[in-house]
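Here is the file protein07.txt (compact mmCIF, C-alpha atoms).
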```txt
# COMPACT_ATOMS: atom_id res chain seq x y z
CA MET A 8 -13.29 36.28 32.58
CA THR A 9 -12.94 32.56 33.02
CA ALA A 10 -16.56 32.03 32.10
CA ASP A 11 -16.03 34.08 28.93
CA ARG A 12 -13.02 31.99 28.01
CA VAL A 13 -14.94 28.75 28.55
CA ARG A 14 -17.78 30.10 26.44
CA ALA A 15 -15.34 31.01 23.66
CA VAL A 16 -13.70 27.59 23.66
CA VAL A 17 -17.05 25.79 23.65
CA GLY A 18 -18.29 28.08 20.88
CA VAL A 19 -15.29 27.47 18.62
CA THR A 20 -15.40 23.73 19.32
CA GLY A 21 -19.06 23.66 18.37
CA GLU A 22 -18.39 25.55 15.16
CA LEU A 23 -15.56 23.18 14.27
CA LEU A 24 -17.78 20.15 14.89
CA ILE A 25 -20.55 21.60 12.75
CA THR A 26 -17.98 22.33 10.03
CA ALA A 27 -16.70 18.77 10.21
CA GLY A 28 -20.25 17.48 9.87
CA VAL A 29 -20.89 19.63 6.82
CA VAL A 30 -17.59 18.55 5.21
CA ILE A 31 -18.38 14.86 5.84
CA GLY A 32 -21.83 15.40 4.34
CA LEU A 33 -20.28 17.02 1.28
CA PHE A 34 -17.86 14.10 1.00
CA ALA A 35 -20.81 11.70 0.97
CA VAL A 36 -22.38 13.75 -1.83
CA TYR A 37 -19.08 13.66 -3.70
CA THR A 38 -18.63 9.92 -3.30
CA LEU A 39 -22.17 8.77 -3.96
CA PHE A 40 -23.19 11.31 -6.58
CA TRP A 41 -20.46 13.54 -7.94
CA THR A 42 -18.01 10.79 -8.96
CA GLY A 43 -20.81 9.37 -11.12
CA VAL A 44 -21.41 12.76 -12.74
CA GLU A 45 -17.70 13.09 -13.50
CA THR A 46 -17.49 9.59 -14.93
CA ALA A 47 -20.56 10.21 -17.10
CA GLY A 48 -18.82 13.26 -18.53
CA GLU A 49 -15.66 11.25 -19.16
CA GLN A 50 -17.72 8.54 -20.87
CA ASP A 51 -19.26 11.14 -23.20
CA ASP A 52 -15.75 12.21 -24.24
CA LEU A 53 -14.60 8.59 -24.55
CA GLN A 54 -17.65 7.74 -26.66
CA ARG A 55 -16.65 10.40 -29.18
CA GLU A 56 -13.01 9.33 -28.98
CA PHE A 57 -13.98 5.70 -29.55
CA GLU A 58 -16.28 6.40 -32.47
CA ALA A 59 -13.72 8.68 -34.07
CA ALA A 60 -10.79 6.32 -33.60
CA ASP A 61 -12.22 2.86 -33.75
CA PRO A 62 -13.41 2.18 -37.29
CA GLN A 63 -11.01 4.58 -39.02
CA PRO A 64 -8.00 5.67 -36.99
CA PRO A 65 -7.39 9.34 -37.85
CA GLU A 66 -3.76 9.61 -36.80
CA PRO A 67 -1.78 6.70 -35.42
CA THR A 68 0.47 7.70 -32.54
CA ALA A 69 4.21 7.15 -32.47
CA GLN A 70 3.70 3.94 -30.51
CA ALA A 71 1.28 2.64 -33.11
CA ALA A 72 1.60 -1.06 -33.68
CA PRO A 73 -0.61 -3.34 -35.71
CA PRO A 74 -3.08 -5.19 -33.48
CA GLU A 75 -2.49 -8.90 -33.09
CA THR A 76 -4.62 -10.26 -35.84
CA ALA A 77 -6.79 -13.19 -34.97
CA LEU A 78 -10.01 -12.30 -36.77
CA ALA A 79 -8.86 -9.59 -39.15
CA PRO A 80 -9.68 -6.54 -37.04
CA LEU A 81 -9.16 -3.12 -38.58
CA GLU A 82 -5.98 -1.22 -37.87
CA VAL A 83 -6.40 0.86 -34.74
CA PRO A 84 -3.78 2.90 -32.92
CA GLU A 85 -2.19 1.36 -29.86
CA PRO A 86 -4.11 2.97 -27.00
CA LEU A 87 -2.31 4.94 -24.32
CA PRO A 88 -3.35 4.53 -20.66
CA GLY A 89 -6.78 6.05 -20.14
CA ASP A 90 -7.63 6.09 -23.85
CA ALA A 91 -10.90 4.68 -25.16
CA TYR A 92 -10.23 1.03 -25.91
CA ALA A 93 -13.44 -0.87 -26.60
CA ARG A 94 -17.19 -0.71 -26.10
CA MET A 95 -18.83 -3.27 -23.83
CA ARG A 96 -22.49 -4.15 -23.62
CA ILE A 97 -24.06 -6.58 -21.16
CA PRO A 98 -27.78 -6.97 -21.93
CA ARG A 99 -28.44 -8.70 -18.58
CA LEU A 100 -27.49 -5.47 -16.80
CA GLY A 101 -29.90 -3.44 -18.92
CA GLU A 102 -30.64 -2.65 -22.56
CA ASP A 103 -28.81 0.66 -22.18
CA TRP A 104 -25.85 -0.81 -20.26
CA SER A 105 -23.07 0.34 -22.57
CA TRP A 106 -19.64 1.42 -21.40
CA ILE A 107 -16.48 2.53 -23.12
CA ILE A 108 -13.60 0.46 -21.75
CA VAL A 109 -10.37 2.41 -21.27
CA GLN A 110 -6.84 1.12 -21.54
CA GLY A 111 -5.27 0.40 -18.14
CA VAL A 112 -6.40 -0.53 -14.65
CA ASP A 113 -4.73 2.21 -12.60
CA LEU A 114 -7.09 4.13 -10.31
CA SER A 115 -6.85 7.16 -12.60
CA ASP A 116 -7.91 5.04 -15.59
CA LEU A 117 -10.81 3.43 -13.75
CA THR A 118 -12.35 6.77 -12.82
CA ARG A 119 -13.18 7.12 -16.54
CA GLY A 120 -14.73 3.70 -16.99
CA PRO A 121 -13.92 -0.01 -16.78
CA GLY A 122 -10.29 -0.69 -17.72
CA HIS A 123 -8.53 -3.26 -19.87
CA TYR A 124 -5.65 -5.05 -18.14
CA PRO A 125 -2.92 -3.82 -20.51
CA ASP A 126 -0.98 -7.10 -20.49
CA SER A 127 -4.05 -9.22 -21.17
CA ALA A 128 -5.32 -10.30 -24.58
CA GLU A 129 -7.23 -8.11 -27.01
CA PRO A 130 -10.94 -8.79 -27.49
CA GLY A 131 -11.45 -11.83 -29.69
CA GLN A 132 -7.81 -12.87 -29.39
CA VAL A 133 -6.78 -16.29 -28.11
CA GLY A 134 -6.02 -15.80 -24.42
CA ASN A 135 -7.68 -13.84 -21.68
CA PHE A 136 -9.27 -10.46 -22.37
CA ALA A 137 -9.46 -9.02 -18.83
CA VAL A 138 -11.34 -5.94 -17.64
CA ALA A 139 -11.63 -4.35 -14.18
CA GLY A 140 -14.39 -1.95 -13.16
CA HIS A 141 -15.81 -0.11 -10.19
CA ARG A 142 -18.65 -1.74 -8.32
CA ALA A 143 -19.41 1.40 -6.31
CA THR A 144 -18.70 5.10 -7.09
CA TYR A 145 -17.51 6.45 -10.45
CA GLY A 146 -20.68 5.44 -12.23
CA GLU A 147 -20.41 1.93 -10.72
CA PRO A 148 -20.33 0.10 -14.08
CA PHE A 149 -19.92 -3.32 -12.44
CA ALA A 150 -22.35 -2.68 -9.56
CA HIS A 151 -24.51 -5.65 -10.46
CA LEU A 152 -21.96 -8.01 -11.93
CA ASP A 153 -23.18 -10.59 -9.42
CA ARG A 154 -26.42 -10.84 -11.41
CA LEU A 155 -24.70 -12.41 -14.41
CA GLU A 156 -25.60 -16.01 -15.04
CA PRO A 157 -23.95 -18.67 -17.19
CA GLY A 158 -24.86 -18.12 -20.83
CA ASP A 159 -25.33 -14.35 -20.49
CA GLU A 160 -23.89 -12.25 -23.32
CA ILE A 161 -20.95 -9.89 -22.93
CA ARG A 162 -20.58 -7.97 -26.19
CA VAL A 163 -17.27 -6.26 -26.88
CA GLU A 164 -16.67 -3.95 -29.82
CA ARG A 165 -13.20 -3.04 -30.97
CA ALA A 166 -11.40 -2.44 -34.25
CA GLY A 167 -14.52 -2.85 -36.34
CA LEU A 168 -15.46 -6.22 -34.85
CA GLU A 169 -18.02 -7.17 -32.26
CA HIS A 170 -17.17 -10.19 -30.15
CA VAL A 171 -19.87 -11.99 -28.23
CA TYR A 172 -18.69 -13.78 -25.12
CA ARG A 173 -20.91 -15.93 -22.95
CA VAL A 174 -20.55 -16.12 -19.20
CA THR A 175 -19.28 -19.47 -17.94
CA THR A 176 -18.52 -19.02 -14.24
CA SER A 177 -18.35 -16.43 -11.51
CA TYR A 178 -16.82 -16.67 -8.07
CA ILE A 179 -15.23 -14.73 -5.23
CA THR A 180 -11.48 -14.73 -4.71
CA GLY A 181 -8.72 -12.84 -2.95
CA PRO A 182 -7.38 -9.45 -4.10
CA ASP A 183 -3.95 -10.92 -4.95
CA ASP A 184 -5.26 -13.83 -7.04
CA VAL A 185 -3.58 -12.65 -10.25
CA ASP A 186 -4.04 -16.09 -11.82
CA VAL A 187 -7.61 -15.16 -12.75
CA VAL A 188 -6.22 -12.84 -15.45
CA ALA A 189 -3.60 -15.34 -16.69
CA PRO A 190 -3.92 -16.29 -20.40
CA VAL A 191 -5.59 -19.47 -19.18
CA PRO A 192 -7.48 -18.38 -16.04
CA ARG A 193 -6.21 -20.10 -12.89
CA GLU A 194 -3.52 -21.95 -14.84
CA PRO A 195 -0.53 -19.60 -14.85
CA GLY A 196 2.04 -20.48 -17.50
CA ALA A 197 -0.35 -22.61 -19.54
CA ALA A 198 -0.51 -21.85 -23.26
CA PRO A 199 -3.95 -20.50 -24.19
CA ARG A 200 -5.99 -22.20 -26.88
CA THR A 201 -9.34 -20.50 -26.42
CA GLU A 202 -10.61 -16.93 -26.27
CA VAL A 203 -11.85 -16.09 -22.80
CA ILE A 204 -12.99 -12.92 -21.07
CA THR A 205 -12.52 -12.06 -17.40
CA LEU A 206 -14.24 -9.26 -15.50
CA THR A 207 -12.98 -8.27 -12.04
CA THR A 208 -14.50 -5.96 -9.45
CA CYS A 209 -14.51 -5.55 -5.70
CA HIS A 210 -16.50 -7.71 -3.33
CA PRO A 211 -18.49 -7.15 -1.25
CA ARG A 212 -19.71 -3.93 -2.81
CA TRP A 213 -18.14 -0.98 -0.91
CA SER A 214 -15.30 -3.20 0.29
CA SER A 215 -11.93 -4.22 -1.08
CA GLU A 216 -11.63 -7.37 0.99
CA GLU A 217 -12.21 -9.70 -1.94
CA ARG A 218 -12.76 -9.71 -5.70
CA LEU A 219 -15.75 -10.83 -7.72
CA ILE A 220 -14.62 -12.62 -10.87
CA VAL A 221 -16.70 -13.43 -13.95
CA HIS A 222 -15.33 -15.59 -16.76
CA GLY A 223 -16.76 -16.14 -20.22
CA VAL A 224 -15.79 -17.71 -23.53
CA LEU A 225 -16.01 -16.35 -27.05
CA ASP A 226 -19.16 -17.43 -28.81
CA GLY A 227 -18.88 -15.51 -32.06
CA THR A 228 -17.53 -12.48 -33.86
CA ALA A 229 -19.15 -10.25 -36.43
CA SER A 230 -18.38 -6.97 -38.09
CA SER A 231 -19.51 -4.26 -35.68
CA THR A 232 -20.78 -2.11 -38.53
CA THR A 233 -23.48 -4.67 -39.28
CA SER A 234 -24.21 -5.82 -35.73
CA SER A 235 -24.28 -2.44 -34.03
CA GLY A 236 -26.63 -1.07 -36.68
CA THR A 237 -29.48 -2.69 -34.80
CA GLU A 238 -28.34 -1.23 -31.51
CA SER A 239 -31.26 0.01 -29.43
CA MET B 5 -14.63 31.58 14.77
CA TYR B 6 -17.25 32.40 12.15
CA GLY B 7 -18.17 35.50 14.14
CA TRP B 8 -14.56 36.58 14.07
CA ILE B 9 -14.37 36.04 10.29
CA TRP B 10 -17.63 37.93 9.77
CA ASN B 11 -16.36 40.86 11.83
CA HIS B 12 -13.15 41.01 9.81
CA LEU B 13 -14.86 41.01 6.41
CA PRO B 14 -14.79 44.52 4.93
CA GLY B 15 -17.70 46.55 3.72
CA PRO B 16 -21.41 46.80 4.55
CA THR B 17 -23.58 43.72 5.17
CA PRO B 18 -24.54 43.03 1.50
CA VAL B 19 -20.87 43.04 0.55
CA ARG B 20 -20.05 40.73 3.44
CA VAL B 21 -22.80 38.32 2.39
CA LEU B 22 -21.40 38.29 -1.14
CA LEU B 23 -17.86 37.72 0.14
CA THR B 24 -19.11 34.90 2.36
CA LEU B 25 -20.76 33.18 -0.61
CA VAL B 26 -17.58 33.54 -2.66
CA LEU B 27 -15.49 32.11 0.19
CA VAL B 28 -17.85 29.16 0.69
CA ALA B 29 -17.90 28.45 -3.06
CA ALA B 30 -14.10 28.55 -3.19
CA ILE B 31 -13.80 26.15 -0.26
CA VAL B 32 -16.36 23.73 -1.72
CA ALA B 33 -14.57 23.86 -5.09
CA LEU B 34 -11.26 23.11 -3.38
CA LEU B 35 -12.83 20.18 -1.54
CA PHE B 36 -14.41 18.70 -4.68
CA THR B 37 -11.41 19.13 -6.98
CA VAL B 38 -8.47 18.45 -4.67
CA VAL B 39 -9.32 17.13 -1.21
CA PHE B 40 -12.12 14.67 -1.97
CA PRO B 41 -10.48 13.04 -5.04
CA TRP B 42 -7.52 12.37 -2.78
CA ALA B 43 -9.61 11.22 0.19
CA VAL B 44 -11.76 8.87 -1.87
CA THR B 45 -8.74 6.71 -2.69
CA TRP B 46 -8.65 5.79 1.00
CA LEU B 47 -12.21 4.53 0.98
CA PRO B 48 -12.73 0.78 0.84
CA GLY B 49 -14.14 -0.54 -2.42
CA GLN B 50 -11.78 1.42 -4.67
CA ASP B 51 -9.55 -1.56 -5.52
CA VAL B 52 -11.25 -3.55 -8.24
CA SER B 53 -8.33 -5.22 -10.00
CA VAL B 54 -6.24 -8.18 -8.97
CA GLU B 55 -2.56 -7.42 -8.46
```

Go ahead and render the structure in this file as C-alpha cells.
Amino acid sequence: MTADRVRAVVGVTGELLITAGVVIGLFAVYTLFWTGVETAGEQDDLQREFEAADPQPPEPTAQAAPPETALAPLEVPEPLPGDAYARMRIPRLGEDWSWIIVQGVDLSDLTRGPGHYPDSAEPGQVGNFAVAGHRATYGEPFAHLDRLEPGDEIRVERAGLEHVYRVTTSYITGPDDVDVVAPVPREPGAAPRTEVITLTTCHPRWSSEERLIVHGVLDGTASSTTSSGTES
Amino acid sequence: MYGWIWNHLPGPTPVRVLLTLVLVAAIVALLFTVVFPWAVTWLPGQDVSVE
C-alpha cells in the first residue's frame, strides 16, 4: 500500500514536471517566434491602413485636427493610439527594412510595430520626433539599432512627405532618462530650433536595464509620392 | 494524472485519441492567446521607451 502511494506520488510529480517543461518550451516558441508572426500580421494590416489613410484621408475622425504645418504636409486624421502613423526606412538595417510606426508607446501599441511618443514632434516638425521599438520579440524592429553610424539615413514618410534624417549620435542611458525625448534632447525646457529624431530601445538586447538611444537631424524633405516611387 | 484522464475519457480508443487532440489544442490555444501574452510582459527586454 505504502509503496503504491509512493509510486503514485512520484508518477504524478514526474508528469507535472514533464508538463512544466513542455509549457516552458512552448513559451520559448511563443516568445522567439510567434510574437514575430503576430507582429508581421499586424504590420500587413497597418501597411494597408497607412496607404489608405496617409495620402488621402478617407474619413477624418471626431478628434481630427490639422497637423502642425512646418513643410506643408497633407491633411491626415489625428491618429488614435495603435493606429498607423508613419513609415520608417533605415537602409543601414537592410534594403527591405521598412516598418509602419504606430501612434503611442504603450506595450499594446509596440506589439504592432515601433511607436511614436505621442507628445513628441511630428516627422519634419521643429522639435524632437521620438520613436520607441522592440529590440527583441515582436518582430524586433530595432534589434540592430546599435549598427547605426553617424550619417546613416532614417527615412520617415507621413502626410505625403518623406523626411530624411541623418544619425548624429547614439549612446546608452538609463530607463528613466526622459530628457532624451525632450524637444531639445538632453536640454529639458529649451525651445527647439531644429528638427531632430530620437529612437529608443532596450539595452542590452533581452534586458530592460538600460536604453539605447539614437539621435539624428533632418537633412531634407521631399514629396513621398516622388521619392517612394523608386522604392525597391 | 494523464492515465486517470485517459481512463475517464468516454468512448473507444479512436474517440479518446480524438478527444485528447482536441483537449491539447484547446490548452495550447489558451496558452498562446491568454497566458503567454500576459507572461511575456514580465520578461526582461519588454520596456523600450523612456518614462

Give me, as a list in words, all polymer residues having an atom no more than 7 Å from Pro157 (chain A), counting all atoms listed in the file and skipping those fewer than 3 positions away in the same chain.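 Close residues of Pro157 (chain A): Val174, Thr175 and Thr176 of chain A.
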
Quick check: residues of chain B within 7 Å of chain A, all atoms listed in the file, returned as a PDB file with C-alpha atoms, in the frame of the given file.
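After the write, part.pdb holds the following:
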```
ATOM      1  CA  MET B   5     -14.630  31.580  14.770  1.00  0.00           C
ATOM      2  CA  PHE B  36     -14.410  18.700  -4.680  1.00  0.00           C
ATOM      3  CA  PHE B  40     -12.120  14.670  -1.970  1.00  0.00           C
ATOM      4  CA  PRO B  48     -12.730   0.780   0.840  1.00  0.00           C
ATOM      5  CA  GLY B  49     -14.140  -0.540  -2.420  1.00  0.00           C
ATOM      6  CA  GLN B  50     -11.780   1.420  -4.670  1.00  0.00           C
ATOM      7  CA  ASP B  51      -9.550  -1.560  -5.520  1.00  0.00           C
ATOM      8  CA  VAL B  52     -11.250  -3.550  -8.240  1.00  0.00           C
ATOM      9  CA  SER B  53      -8.330  -5.220 -10.000  1.00  0.00           C
ATOM     10  CA  VAL B  54      -6.240  -8.180  -8.970  1.00  0.00           C
ATOM     11  CA  GLU B  55      -2.560  -7.420  -8.460  1.00  0.00           C
TER      12      GLU B  55
END
```

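Here CA of Met95 (chain A) stands at a distance of 23.5 Å from CA of Leu39 (chain A).
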
Which distance in Å separates CA of Arg55 (chain A) and CA of Glu102 (chain A), to one decimal?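 Separation between CA of Arg55 (chain A) and CA of Glu102 (chain A): 20.2 Å.
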
To one decimal in Å, tell me the separation between CA of Arg99 (chain A) and CA of Val163 (chain A).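 CA of Val163 (chain A) lies at a distance of 14.1 Å from CA of Arg99 (chain A).
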
Could you pull the residues within 12 Å of region 159-162 of chain A, counting all atoms listed in the file, minus those fewer than 2 positions along the same chain, as a PyMOL selection string? chain A and resi 93-102+104-108+130-131+136+138+152-157+164-165+168-177+203-206+221-229+231+234-235+238

Test item: residues at most 12 Å from Val28 (chain B), all atoms listed in the file, excluding those fewer than 6 positions along its chain, as an MDAnalysis selection string: (chainID A and resid 26 29:30) or (chainID B and resid 6 21:22 34:35)

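Using only C-alpha atoms, the smallest distance between any of A:Ala79, A:Ala60, A:Ala189, A:Val17 and Gln132 (chain A) comes from A:Ala79.
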
Missing atoms in region 25-40 of chain B need filling: write out N, CA, C and O atoms for it as a compact mmCIF listing (two decimals), keeping the file's coordinate frame.
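Generated output (part38.txt):
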```txt
# COMPACT_ATOMS: atom_id res chain seq x y z
N LEU B 25 -20.37 34.16 0.41
CA LEU B 25 -20.76 33.18 -0.61
C LEU B 25 -19.56 32.80 -1.47
O LEU B 25 -19.36 31.63 -1.79
N VAL B 26 -18.77 33.81 -1.84
CA VAL B 26 -17.58 33.54 -2.66
C VAL B 26 -16.61 32.63 -1.90
O VAL B 26 -16.08 31.66 -2.46
N LEU B 27 -16.39 32.93 -0.61
CA LEU B 27 -15.49 32.11 0.19
C LEU B 27 -15.98 30.67 0.29
O LEU B 27 -15.22 29.71 0.09
N VAL B 28 -17.29 30.52 0.56
CA VAL B 28 -17.85 29.16 0.69
C VAL B 28 -17.70 28.41 -0.63
O VAL B 28 -17.29 27.25 -0.67
N ALA B 29 -18.01 29.09 -1.75
CA ALA B 29 -17.90 28.45 -3.06
C ALA B 29 -16.47 28.02 -3.32
O ALA B 29 -16.21 26.93 -3.83
N ALA B 30 -15.51 28.88 -2.96
CA ALA B 30 -14.10 28.55 -3.19
C ALA B 30 -13.70 27.33 -2.37
O ALA B 30 -13.00 26.44 -2.85
N ILE B 31 -14.17 27.27 -1.12
CA ILE B 31 -13.80 26.15 -0.26
C ILE B 31 -14.43 24.85 -0.78
O ILE B 31 -13.77 23.81 -0.85
N VAL B 32 -15.70 24.93 -1.19
CA VAL B 32 -16.36 23.73 -1.72
C VAL B 32 -15.65 23.26 -3.00
O VAL B 32 -15.42 22.07 -3.20
N ALA B 33 -15.28 24.21 -3.85
CA ALA B 33 -14.57 23.86 -5.09
C ALA B 33 -13.24 23.18 -4.77
O ALA B 33 -12.88 22.17 -5.40
N LEU B 34 -12.54 23.72 -3.77
CA LEU B 34 -11.26 23.11 -3.38
C LEU B 34 -11.48 21.69 -2.86
O LEU B 34 -10.73 20.76 -3.20
N LEU B 35 -12.54 21.51 -2.07
CA LEU B 35 -12.83 20.18 -1.54
C LEU B 35 -13.12 19.20 -2.68
O LEU B 35 -12.59 18.09 -2.72
N PHE B 36 -13.96 19.62 -3.64
CA PHE B 36 -14.41 18.70 -4.68
C PHE B 36 -13.32 18.41 -5.72
O PHE B 36 -13.35 17.37 -6.36
N THR B 37 -12.40 19.35 -5.92
CA THR B 37 -11.41 19.13 -6.98
C THR B 37 -10.09 18.61 -6.45
O THR B 37 -9.35 17.96 -7.19
N VAL B 38 -9.77 18.85 -5.18
CA VAL B 38 -8.47 18.45 -4.67
C VAL B 38 -8.59 17.48 -3.49
O VAL B 38 -8.08 16.36 -3.53
N VAL B 39 -9.32 17.91 -2.46
CA VAL B 39 -9.32 17.13 -1.21
C VAL B 39 -10.08 15.81 -1.37
O VAL B 39 -9.56 14.73 -1.06
N PHE B 40 -11.31 15.88 -1.89
CA PHE B 40 -12.12 14.67 -1.97
C PHE B 40 -11.56 13.64 -2.95
O PHE B 40 -11.53 12.44 -2.64
```
